[in-house]
file entry.pdb (PDB, C-alpha atoms and all ligand atoms)
ATOM      1  CA  MET A 674      10.276  -5.105  16.344
ATOM      2  CA  MET A 675       7.172  -6.524  14.697
ATOM      3  CA  ARG A 676       5.279  -3.478  15.788
ATOM      4  CA  ALA A 677       7.796  -1.272  14.016
ATOM      5  CA  ILE A 678       7.236  -2.998  10.681
ATOM      6  CA  ARG A 679       3.484  -2.861  10.907
ATOM      7  CA  GLY A 680       1.419   0.190  10.487
ATOM      8  CA  LYS A 681       2.010   3.632   9.215
ATOM      9  CA  ASN A 682       5.088   5.512   8.117
ATOM     10  CA  THR A 683       7.027   2.365   7.394
ATOM     11  CA  LYS A 684      10.305   2.562   5.540
ATOM     12  CA  PRO A 685       8.902   1.377   2.169
ATOM     13  CA  GLU A 686       6.062   3.831   2.533
ATOM     14  CA  MET A 687       8.433   6.698   3.248
ATOM     15  CA  LEU A 688      10.410   5.770   0.141
ATOM     16  CA  VAL A 689       7.254   5.905  -1.954
ATOM     17  CA  ARG A 690       6.190   9.199  -0.440
ATOM     18  CA  ARG A 691       9.541  10.830  -1.125
ATOM     19  CA  ALA A 692       9.551   9.581  -4.711
ATOM     20  CA  LEU A 693       6.003  10.760  -5.377
ATOM     21  CA  HIS A 694       6.767  14.131  -3.902
ATOM     22  CA  ALA A 695       9.910  14.447  -6.016
ATOM     23  CA  ALA A 696       7.878  13.537  -9.104
ATOM     24  CA  GLY A 697       5.466  16.360  -8.344
ATOM     25  CA  TYR A 698       2.484  14.322  -7.212
ATOM     26  CA  ARG A 699       0.193  15.729  -4.597
ATOM     27  CA  PHE A 700      -1.106  13.156  -2.212
ATOM     28  CA  ARG A 701      -2.925  12.597   1.027
ATOM     29  CA  LEU A 702      -1.987  10.070   3.665
ATOM     30  CA  HIS A 703      -4.018   7.511   5.571
ATOM     31  CA  ARG A 704      -7.433   8.767   4.600
ATOM     32  CA  ARG A 705      -9.748   7.362   7.186
ATOM     33  CA  ASP A 706     -12.786   8.206   5.111
ATOM     34  CA  LEU A 707     -11.773   5.580   2.544
ATOM     35  CA  PRO A 708     -12.076   1.806   2.999
ATOM     36  CA  GLY A 709      -9.025   0.354   4.720
ATOM     37  CA  THR A 710      -7.468   3.792   5.400
ATOM     38  CA  PRO A 711      -5.209   3.601   2.348
ATOM     39  CA  ASP A 712      -1.580   4.609   2.805
ATOM     40  CA  VAL A 713      -1.247   7.126  -0.004
ATOM     41  CA  VAL A 714      -4.057   8.706  -2.010
ATOM     42  CA  LEU A 715      -3.669  10.756  -5.191
ATOM     43  CA  PRO A 716      -7.032  12.524  -5.232
ATOM     44  CA  ARG A 717      -6.497  14.197  -8.575
ATOM     45  CA  TYR A 718      -6.184  10.871 -10.337
ATOM     46  CA  ARG A 719      -8.451   8.940  -8.012
ATOM     47  CA  ILE A 720      -5.593   6.550  -7.395
ATOM     48  CA  VAL A 721      -4.877   4.766  -4.152
ATOM     49  CA  VAL A 722      -1.338   3.525  -3.603
ATOM     50  CA  GLN A 723      -1.066   0.661  -1.156
ATOM     51  CA  VAL A 724       2.437   0.035   0.093
ATOM     52  CA  ASN A 725       2.565  -3.536   1.332
ATOM     53  CA  GLY A 726       5.182  -5.014   3.573
ATOM     54  CA  CYS A 727       5.880  -8.451   2.082
ATOM     55  CA  TRP A 728       5.793 -10.280   5.365
ATOM     56  CA  TRP A 729       2.703  -8.596   6.728
ATOM     57  CA  HIS A 730       0.722  -9.145   3.600
ATOM     58  CA  GLY A 731       1.950 -12.622   2.780
ATOM     59  CA  HIS A 732       3.471 -11.703  -0.563
ATOM     60  CA  ASP A 733       4.434 -14.534  -2.868
ATOM     61  CA  CYS A 734       8.155 -13.813  -2.558
ATOM     62  CA  PRO A 735      10.899 -15.186  -0.307
ATOM     63  CA  ARG A 736      10.404 -12.553   2.345
ATOM     64  CA  GLY A 737       6.636 -12.873   2.252
ATOM     65  CA  GLN A 738       6.681 -16.632   2.487
ATOM     66  CA  ARG A 739       9.008 -16.768   5.437
ATOM     67  CA  ARG A 740       6.631 -18.115   7.996
ATOM     68  CA  PRO A 741       6.780 -16.951  11.579
ATOM     69  CA  SER A 742       8.791 -19.431  13.599
ATOM     70  CA  THR A 743       7.242 -18.590  16.939
ATOM     71  CA  ASN A 744       3.603 -18.255  17.907
ATOM     72  CA  VAL A 745       2.471 -19.841  14.677
ATOM     73  CA  GLU A 746      -1.049 -20.227  16.024
ATOM     74  CA  TYR A 747      -1.101 -16.486  16.623
ATOM     75  CA  TRP A 748       0.634 -15.162  13.508
ATOM     76  CA  GLY A 749      -0.909 -17.551  10.996
ATOM     77  CA  PRO A 750      -4.507 -16.394  11.454
ATOM     78  CA  LYS A 751      -3.410 -12.814  12.036
ATOM     79  CA  LEU A 752      -1.579 -12.609   8.718
ATOM     80  CA  GLU A 753      -4.496 -14.276   6.996
ATOM     81  CA  ARG A 754      -6.821 -11.639   8.442
ATOM     82  CA  ASN A 755      -4.500  -8.897   7.159
ATOM     83  CA  LYS A 756      -4.836 -10.287   3.663
ATOM     84  CA  GLN A 757      -8.578 -10.654   3.937
ATOM     85  CA  ARG A 758      -9.067  -7.176   5.307
ATOM     86  CA  GLN A 759      -7.015  -5.655   2.561
ATOM     87  CA  ALA A 760      -8.811  -7.607  -0.147
ATOM     88  CA  THR A 761     -12.160  -6.398   1.195
ATOM     89  CA  ALA A 762     -10.981  -2.782   1.358
ATOM     90  CA  GLU A 763      -9.600  -2.993  -2.160
ATOM     91  CA  ALA A 764     -12.865  -4.341  -3.526
ATOM     92  CA  SER A 765     -14.740  -1.468  -1.880
ATOM     93  CA  LEU A 766     -12.338   1.096  -3.329
ATOM     94  CA  ILE A 767     -12.678  -0.336  -6.815
ATOM     95  CA  ALA A 768     -16.451  -0.379  -6.452
ATOM     96  CA  ALA A 769     -16.239   3.324  -5.583
ATOM     97  CA  ASP A 770     -14.297   3.913  -8.814
ATOM     98  CA  TRP A 771     -10.850   4.232  -7.304
ATOM     99  CA  THR A 772      -7.831   2.778  -9.048
ATOM    100  CA  VAL A 773      -5.754   0.731  -6.629
ATOM    101  CA  VAL A 774      -2.021   0.443  -7.288
ATOM    102  CA  THR A 775      -0.305  -2.025  -4.984
ATOM    103  CA  VAL A 776       3.404  -1.648  -4.338
ATOM    104  CA  TRP A 777       5.292  -4.420  -2.648
ATOM    105  CA  GLU A 778       8.245  -3.829  -0.420
ATOM    106  CA  CYS A 779      10.365  -6.098  -2.630
ATOM    107  CA  ASP A 780       9.385  -4.121  -5.776
ATOM    108  CA  LEU A 781      11.022  -1.096  -4.240
ATOM    109  CA  GLU A 782      14.372  -2.794  -3.943
ATOM    110  CA  ALA A 783      14.798  -2.224  -7.671
ATOM    111  CA  GLY A 784      13.931   1.446  -7.208
ATOM    112  CA  ILE A 785      10.926   3.613  -7.716
ATOM    113  CA  ALA A 786      10.936   4.007 -11.506
ATOM    114  CA  GLY A 787       8.613   1.040 -11.999
ATOM    115  CA  LEU A 788       6.023   2.530  -9.690
ATOM    116  CA  LEU A 789       6.135   5.919 -11.414
ATOM    117  CA  ARG A 790       5.656   4.206 -14.775
ATOM    118  CA  ARG A 791       2.689   2.293 -13.456
ATOM    119  CA  LEU A 792       1.145   5.445 -12.050
ATOM    120  CA  ARG A 793       1.490   7.294 -15.331
ATOM    121  CA  ARG A 794      -0.237   4.436 -17.119
ATOM    122  CA  ARG A 795      -3.100   4.422 -14.636
ATOM    123  CA  GLN A 796      -3.700   8.154 -14.519
ATOM    124  CA  ARG A 797      -6.971   9.189 -15.931
ATOM    125  CA  ILE A 798      -8.126  12.710 -16.432
ATOM    126  CA  GLN A 799     -10.198  13.590 -13.452
ATOM    127  CA  VAL A 800     -12.627  16.350 -12.818
ATOM    128  CA  ASP A 801     -10.897  18.678 -10.412
ATOM    129  CA  THR A 802     -12.871  18.407  -7.214
ATOM    130  CA  SER A 803     -10.710  20.674  -5.102
TER     131      SER A 803
HETATM  132 ZN    ZN B 901       7.569  -9.325  -1.788
END
call {"tool": "encode", "arguments": {"input": "entry.pdb", "output": "structure tokens"}}
result
Amino acid sequence: MMRAIRGKNTKPEMLVRRALHAAGYRFRLHRRDLPGTPDVVLPRYRIVVQVNGCWWHGHDCPRGQRRPSTNVEYWGPKLERNKQRQATAEASLIAADWTVVTVWECDLEAGIAGLLRRLRRRQRIQVDTS
């Protein structure tokens, strides 16, 4: 169960991918050549979209703050490492002039319009490198 929530091709991520596709964005997935292997990359706009599961990334929301009831000594440090690792990757991306847009699982419950608005605001004209 936990394994299903973690990792790639999660339900929130699929939702984001479908919405981006429908909005005409071209994107790449899980680029290993970028710090942290970001979920969704919009190369044209040099934007990285990170889709965060609230629980896995310790979001400050009810779902994110629900602490694991079993194996606390295992999950506590593990979740903390998740956060740390992501913060480090994000700093590296920003240093390399990427724009990082973080989407939380709970944001998506209200739909995808907010994300599309945020993306449009963050888009910069990029030199076409393709
Ligand atoms: Zn959340």
call {"tool": "residues_near_ligand", "arguments": {"input": "entry.pdb", "ligand": "ligand ZN 901 (chain B)", "cutoff": "10 Å", "atoms": "only C-alpha atoms and all ligand atoms", "output": "list in words"}}
result
Asn725, Gly726, Cys727, Trp728, Trp729, His730, Gly731, His732, Asp733, Cys734, Pro735, Arg736, Gly737, Gln738, Val776, Trp777, Glu778, Cys779, Asp780, Leu781 and Glu782 of chain A
call {"tool": "residues_around", "arguments": {"input": "entry.pdb", "residues": "Val689 of chain A", "least_positions_apart": "2", "cutoff": "9 Å", "atoms": "only C-alpha atoms", "output": "number ranges by chain"}}
result
A: 684-687, 691-694, 713, 724, 776, 781, 785, 788
call {"tool": "write_last_selection", "arguments": {"input": "entry.pdb", "atoms": "C-alpha atoms", "output": "short mmCIF file (atom, residue, chain, number, x, y, z; two decimals), keeping the file's coordinate frame"}}
result
data_model
loop_
_atom_site.label_atom_id
_atom_site.label_comp_id
_atom_site.auth_asym_id
_atom_site.auth_seq_id
_atom_site.Cartn_x
_atom_site.Cartn_y
_atom_site.Cartn_z
CA LYS A 684 10.30 2.56 5.54
CA PRO A 685 8.90 1.38 2.17
CA GLU A 686 6.06 3.83 2.53
CA MET A 687 8.43 6.70 3.25
CA ARG A 691 9.54 10.83 -1.12
CA ALA A 692 9.55 9.58 -4.71
CA LEU A 693 6.00 10.76 -5.38
CA HIS A 694 6.77 14.13 -3.90
CA VAL A 713 -1.25 7.13 0.00
CA VAL A 724 2.44 0.04 0.09
CA VAL A 776 3.40 -1.65 -4.34
CA LEU A 781 11.02 -1.10 -4.24
CA ILE A 785 10.93 3.61 -7.72
CA LEU A 788 6.02 2.53 -9.69
#
call {"tool": "atom_distance", "arguments": {"input": "entry.pdb", "atom1": "atom CA of Ala695 of chain A", "atom2": "atom CA of Val714 of chain A"}}
result
15.6 Å
call {"tool": "closest_atom_pairs", "arguments": {"input": "entry.pdb", "of": "segment 773-797 of chain A", "to": "segment 696-706 of chain A", "cutoff": "12 Å", "atoms": "all atoms listed in the file", "output": "JSON lines"}}
result
{"residue": "A:Ile785", "atom": "CA", "partner": "A:Ala696", "partner_atom": "CA", "distance": 10.5}
{"residue": "A:Ala786", "atom": "CA", "partner": "A:Ala696", "partner_atom": "CA", "distance": 10.3}
{"residue": "A:Leu788", "atom": "CA", "partner": "A:Ala696", "partner_atom": "CA", "distance": 11.2}
{"residue": "A:Leu789", "atom": "CA", "partner": "A:Ala696", "partner_atom": "CA", "distance": 8.1}
{"residue": "A:Arg790", "atom": "CA", "partner": "A:Ala696", "partner_atom": "CA", "distance": 11.1}
{"residue": "A:Leu792", "atom": "CA", "partner": "A:Tyr698", "partner_atom": "CA", "distance": 10.2}
{"residue": "A:Arg793", "atom": "CA", "partner": "A:Tyr698", "partner_atom": "CA", "distance": 10.8}
{"residue": "A:Gln796", "atom": "CA", "partner": "A:Tyr698", "partner_atom": "CA", "distance": 11.4}
call {"tool": "atom_distance", "arguments": {"input": "entry.pdb", "atom1": "atom CA of Arg690 of chain A", "atom2": "atom CA of Ala764 of chain A"}}
result
23.6 Å
call {"tool": "closest_residue", "arguments": {"input": "entry.pdb", "among": "A:Arg794, A:Thr683, A:Leu766, A:Ala783", "to": "Arg719 of chain A", "atoms": "all atoms listed in the file"}}
result
A:Leu766
call {"tool": "atom_distance", "arguments": {"input": "entry.pdb", "atom1": "atom CA of Thr772 of chain A", "atom2": "atom CA of Pro716 of chain A"}}
result
10.5 Å
call {"tool": "resolve_selection", "arguments": {"input": "entry.pdb", "expression": "the PyMOL selection byres (((chain A and resi 775) around 6) and not hetatm)", "output": "PyMOL selection string"}}
result
chain A and resi 722-723+774+776
call {"tool": "closest_residue", "arguments": {"input": "entry.pdb", "among": "A:Ala768, A:Val773, A:Ala762, A:Leu688", "to": "Gly709 of chain A", "atoms": "only C-alpha atoms"}}
result
A:Ala762
call {"tool": "closest_residue", "arguments": {"input": "entry.pdb", "among": "A:Val745, A:Arg758, A:Arg795, A:Pro750", "to": "Val721 of chain A", "atoms": "all atoms listed in the file"}}
result
A:Arg795
call {"tool": "closest_residue", "arguments": {"input": "entry.pdb", "among": "A:Gln759, A:Trp771, A:Asn744, A:Leu752", "to": "Leu715 of chain A", "atoms": "all atoms listed in the file"}}
result
A:Trp771
call {"tool": "build_atoms", "arguments": {"input": "entry.pdb", "residues": "segment 703-714 of chain A", "atoms": "all heavy atoms", "output": "PDB file, in the coordinates of the input"}}
result
ATOM      1  N   HIS A 703      -3.194   8.209   4.576  1.00  0.00           N
ATOM      2  CA  HIS A 703      -4.018   7.511   5.571  1.00  0.00           C
ATOM      3  C   HIS A 703      -5.413   8.113   5.690  1.00  0.00           C
ATOM      4  O   HIS A 703      -5.828   8.527   6.757  1.00  0.00           O
ATOM      5  CB  HIS A 703      -3.330   7.516   6.939  1.00  0.00           C
ATOM      6  CG  HIS A 703      -1.908   7.030   6.872  1.00  0.00           C
ATOM      7  ND1 HIS A 703      -1.589   5.778   6.415  1.00  0.00           N
ATOM      8  CD2 HIS A 703      -0.750   7.630   7.177  1.00  0.00           C
ATOM      9  CE1 HIS A 703      -0.276   5.624   6.452  1.00  0.00           C
ATOM     10  NE2 HIS A 703       0.269   6.733   6.900  1.00  0.00           N
ATOM     11  N   ARG A 704      -6.093   8.182   4.565  1.00  0.00           N
ATOM     12  CA  ARG A 704      -7.433   8.767   4.600  1.00  0.00           C
ATOM     13  C   ARG A 704      -8.414   7.819   5.255  1.00  0.00           C
ATOM     14  O   ARG A 704      -8.779   6.792   4.699  1.00  0.00           O
ATOM     15  CB  ARG A 704      -7.881   9.126   3.182  1.00  0.00           C
ATOM     16  CG  ARG A 704      -7.406  10.515   2.815  1.00  0.00           C
ATOM     17  CD  ARG A 704      -7.936  11.002   1.524  1.00  0.00           C
ATOM     18  NE  ARG A 704      -9.392  10.873   1.382  1.00  0.00           N
ATOM     19  CZ  ARG A 704     -10.041  11.350   0.323  1.00  0.00           C
ATOM     20  NH1 ARG A 704      -9.390  11.955  -0.640  1.00  0.00           N
ATOM     21  NH2 ARG A 704     -11.346  11.195   0.233  1.00  0.00           N
ATOM     22  N   ARG A 705      -8.850   8.212   6.403  1.00  0.00           N
ATOM     23  CA  ARG A 705      -9.748   7.362   7.186  1.00  0.00           C
ATOM     24  C   ARG A 705     -11.145   7.290   6.594  1.00  0.00           C
ATOM     25  O   ARG A 705     -11.930   6.428   6.968  1.00  0.00           O
ATOM     26  CB  ARG A 705      -9.842   7.881   8.624  1.00  0.00           C
ATOM     27  CG  ARG A 705      -8.555   7.692   9.384  1.00  0.00           C
ATOM     28  CD  ARG A 705      -8.668   8.231  10.795  1.00  0.00           C
ATOM     29  NE  ARG A 705      -7.403   8.101  11.486  1.00  0.00           N
ATOM     30  CZ  ARG A 705      -6.982   6.978  12.053  1.00  0.00           C
ATOM     31  NH1 ARG A 705      -7.745   5.901  12.016  1.00  0.00           N
ATOM     32  NH2 ARG A 705      -5.813   6.927  12.647  1.00  0.00           N
ATOM     33  N   ASP A 706     -11.453   8.232   5.708  1.00  0.00           N
ATOM     34  CA  ASP A 706     -12.786   8.206   5.111  1.00  0.00           C
ATOM     35  C   ASP A 706     -12.862   7.232   3.939  1.00  0.00           C
ATOM     36  O   ASP A 706     -13.921   7.066   3.343  1.00  0.00           O
ATOM     37  CB  ASP A 706     -13.198   9.621   4.666  1.00  0.00           C
ATOM     38  CG  ASP A 706     -12.214  10.210   3.649  1.00  0.00           C
ATOM     39  OD1 ASP A 706     -10.997   9.965   3.794  1.00  0.00           O
ATOM     40  OD2 ASP A 706     -12.664  10.891   2.725  1.00  0.00           O
ATOM     41  N   LEU A 707     -11.753   6.572   3.622  1.00  0.00           N
ATOM     42  CA  LEU A 707     -11.773   5.580   2.544  1.00  0.00           C
ATOM     43  C   LEU A 707     -11.591   4.183   3.138  1.00  0.00           C
ATOM     44  O   LEU A 707     -10.933   4.024   4.164  1.00  0.00           O
ATOM     45  CB  LEU A 707     -10.657   5.861   1.540  1.00  0.00           C
ATOM     46  CG  LEU A 707     -10.827   7.139   0.714  1.00  0.00           C
ATOM     47  CD1 LEU A 707      -9.630   7.358  -0.192  1.00  0.00           C
ATOM     48  CD2 LEU A 707     -12.111   7.090  -0.105  1.00  0.00           C
ATOM     49  N   PRO A 708     -12.166   3.175   2.461  1.00  0.00           N
ATOM     50  CA  PRO A 708     -12.076   1.806   2.999  1.00  0.00           C
ATOM     51  C   PRO A 708     -10.622   1.384   3.235  1.00  0.00           C
ATOM     52  O   PRO A 708      -9.771   1.575   2.362  1.00  0.00           O
ATOM     53  CB  PRO A 708     -12.698   0.948   1.890  1.00  0.00           C
ATOM     54  CG  PRO A 708     -13.555   1.886   1.111  1.00  0.00           C
ATOM     55  CD  PRO A 708     -12.925   3.249   1.219  1.00  0.00           C
ATOM     56  N   GLY A 709     -10.354   0.867   4.412  1.00  0.00           N
ATOM     57  CA  GLY A 709      -9.025   0.354   4.720  1.00  0.00           C
ATOM     58  C   GLY A 709      -7.992   1.424   5.049  1.00  0.00           C
ATOM     59  O   GLY A 709      -6.821   1.110   5.225  1.00  0.00           O
ATOM     60  N   THR A 710      -8.407   2.694   5.121  1.00  0.00           N
ATOM     61  CA  THR A 710      -7.468   3.792   5.400  1.00  0.00           C
ATOM     62  C   THR A 710      -6.204   3.657   4.545  1.00  0.00           C
ATOM     63  O   THR A 710      -5.113   3.384   5.043  1.00  0.00           O
ATOM     64  CB  THR A 710      -7.076   3.829   6.903  1.00  0.00           C
ATOM     65  OG1 THR A 710      -8.246   3.662   7.681  1.00  0.00           O
ATOM     66  CG2 THR A 710      -6.421   5.153   7.288  1.00  0.00           C
ATOM     67  N   PRO A 711      -6.359   3.837   3.230  1.00  0.00           N
ATOM     68  CA  PRO A 711      -5.209   3.601   2.348  1.00  0.00           C
ATOM     69  C   PRO A 711      -4.015   4.488   2.669  1.00  0.00           C
ATOM     70  O   PRO A 711      -4.174   5.623   3.100  1.00  0.00           O
ATOM     71  CB  PRO A 711      -5.756   3.920   0.950  1.00  0.00           C
ATOM     72  CG  PRO A 711      -7.072   4.567   1.138  1.00  0.00           C
ATOM     73  CD  PRO A 711      -7.568   4.242   2.499  1.00  0.00           C
ATOM     74  N   ASP A 712      -2.819   3.936   2.424  1.00  0.00           N
ATOM     75  CA  ASP A 712      -1.580   4.609   2.805  1.00  0.00           C
ATOM     76  C   ASP A 712      -1.420   5.961   2.115  1.00  0.00           C
ATOM     77  O   ASP A 712      -1.161   6.967   2.756  1.00  0.00           O
ATOM     78  CB  ASP A 712      -0.374   3.738   2.415  1.00  0.00           C
ATOM     79  CG  ASP A 712      -0.380   2.399   3.138  1.00  0.00           C
ATOM     80  OD1 ASP A 712      -0.831   2.374   4.294  1.00  0.00           O
ATOM     81  OD2 ASP A 712       0.069   1.403   2.559  1.00  0.00           O
ATOM     82  N   VAL A 713      -1.524   5.932   0.793  1.00  0.00           N
ATOM     83  CA  VAL A 713      -1.247   7.126  -0.004  1.00  0.00           C
ATOM     84  C   VAL A 713      -2.378   7.278  -1.024  1.00  0.00           C
ATOM     85  O   VAL A 713      -2.734   6.328  -1.699  1.00  0.00           O
ATOM     86  CB  VAL A 713       0.103   6.994  -0.745  1.00  0.00           C
ATOM     87  CG1 VAL A 713       0.363   8.216  -1.626  1.00  0.00           C
ATOM     88  CG2 VAL A 713       1.256   6.815   0.254  1.00  0.00           C
ATOM     89  N   VAL A 714      -2.942   8.457  -1.104  1.00  0.00           N
ATOM     90  CA  VAL A 714      -4.057   8.706  -2.010  1.00  0.00           C
ATOM     91  C   VAL A 714      -3.703   9.879  -2.924  1.00  0.00           C
ATOM     92  O   VAL A 714      -3.254  10.922  -2.442  1.00  0.00           O
ATOM     93  CB  VAL A 714      -5.339   9.038  -1.210  1.00  0.00           C
ATOM     94  CG1 VAL A 714      -6.496   9.329  -2.144  1.00  0.00           C
ATOM     95  CG2 VAL A 714      -5.693   7.893  -0.265  1.00  0.00           C
TER      96      VAL A 714
END
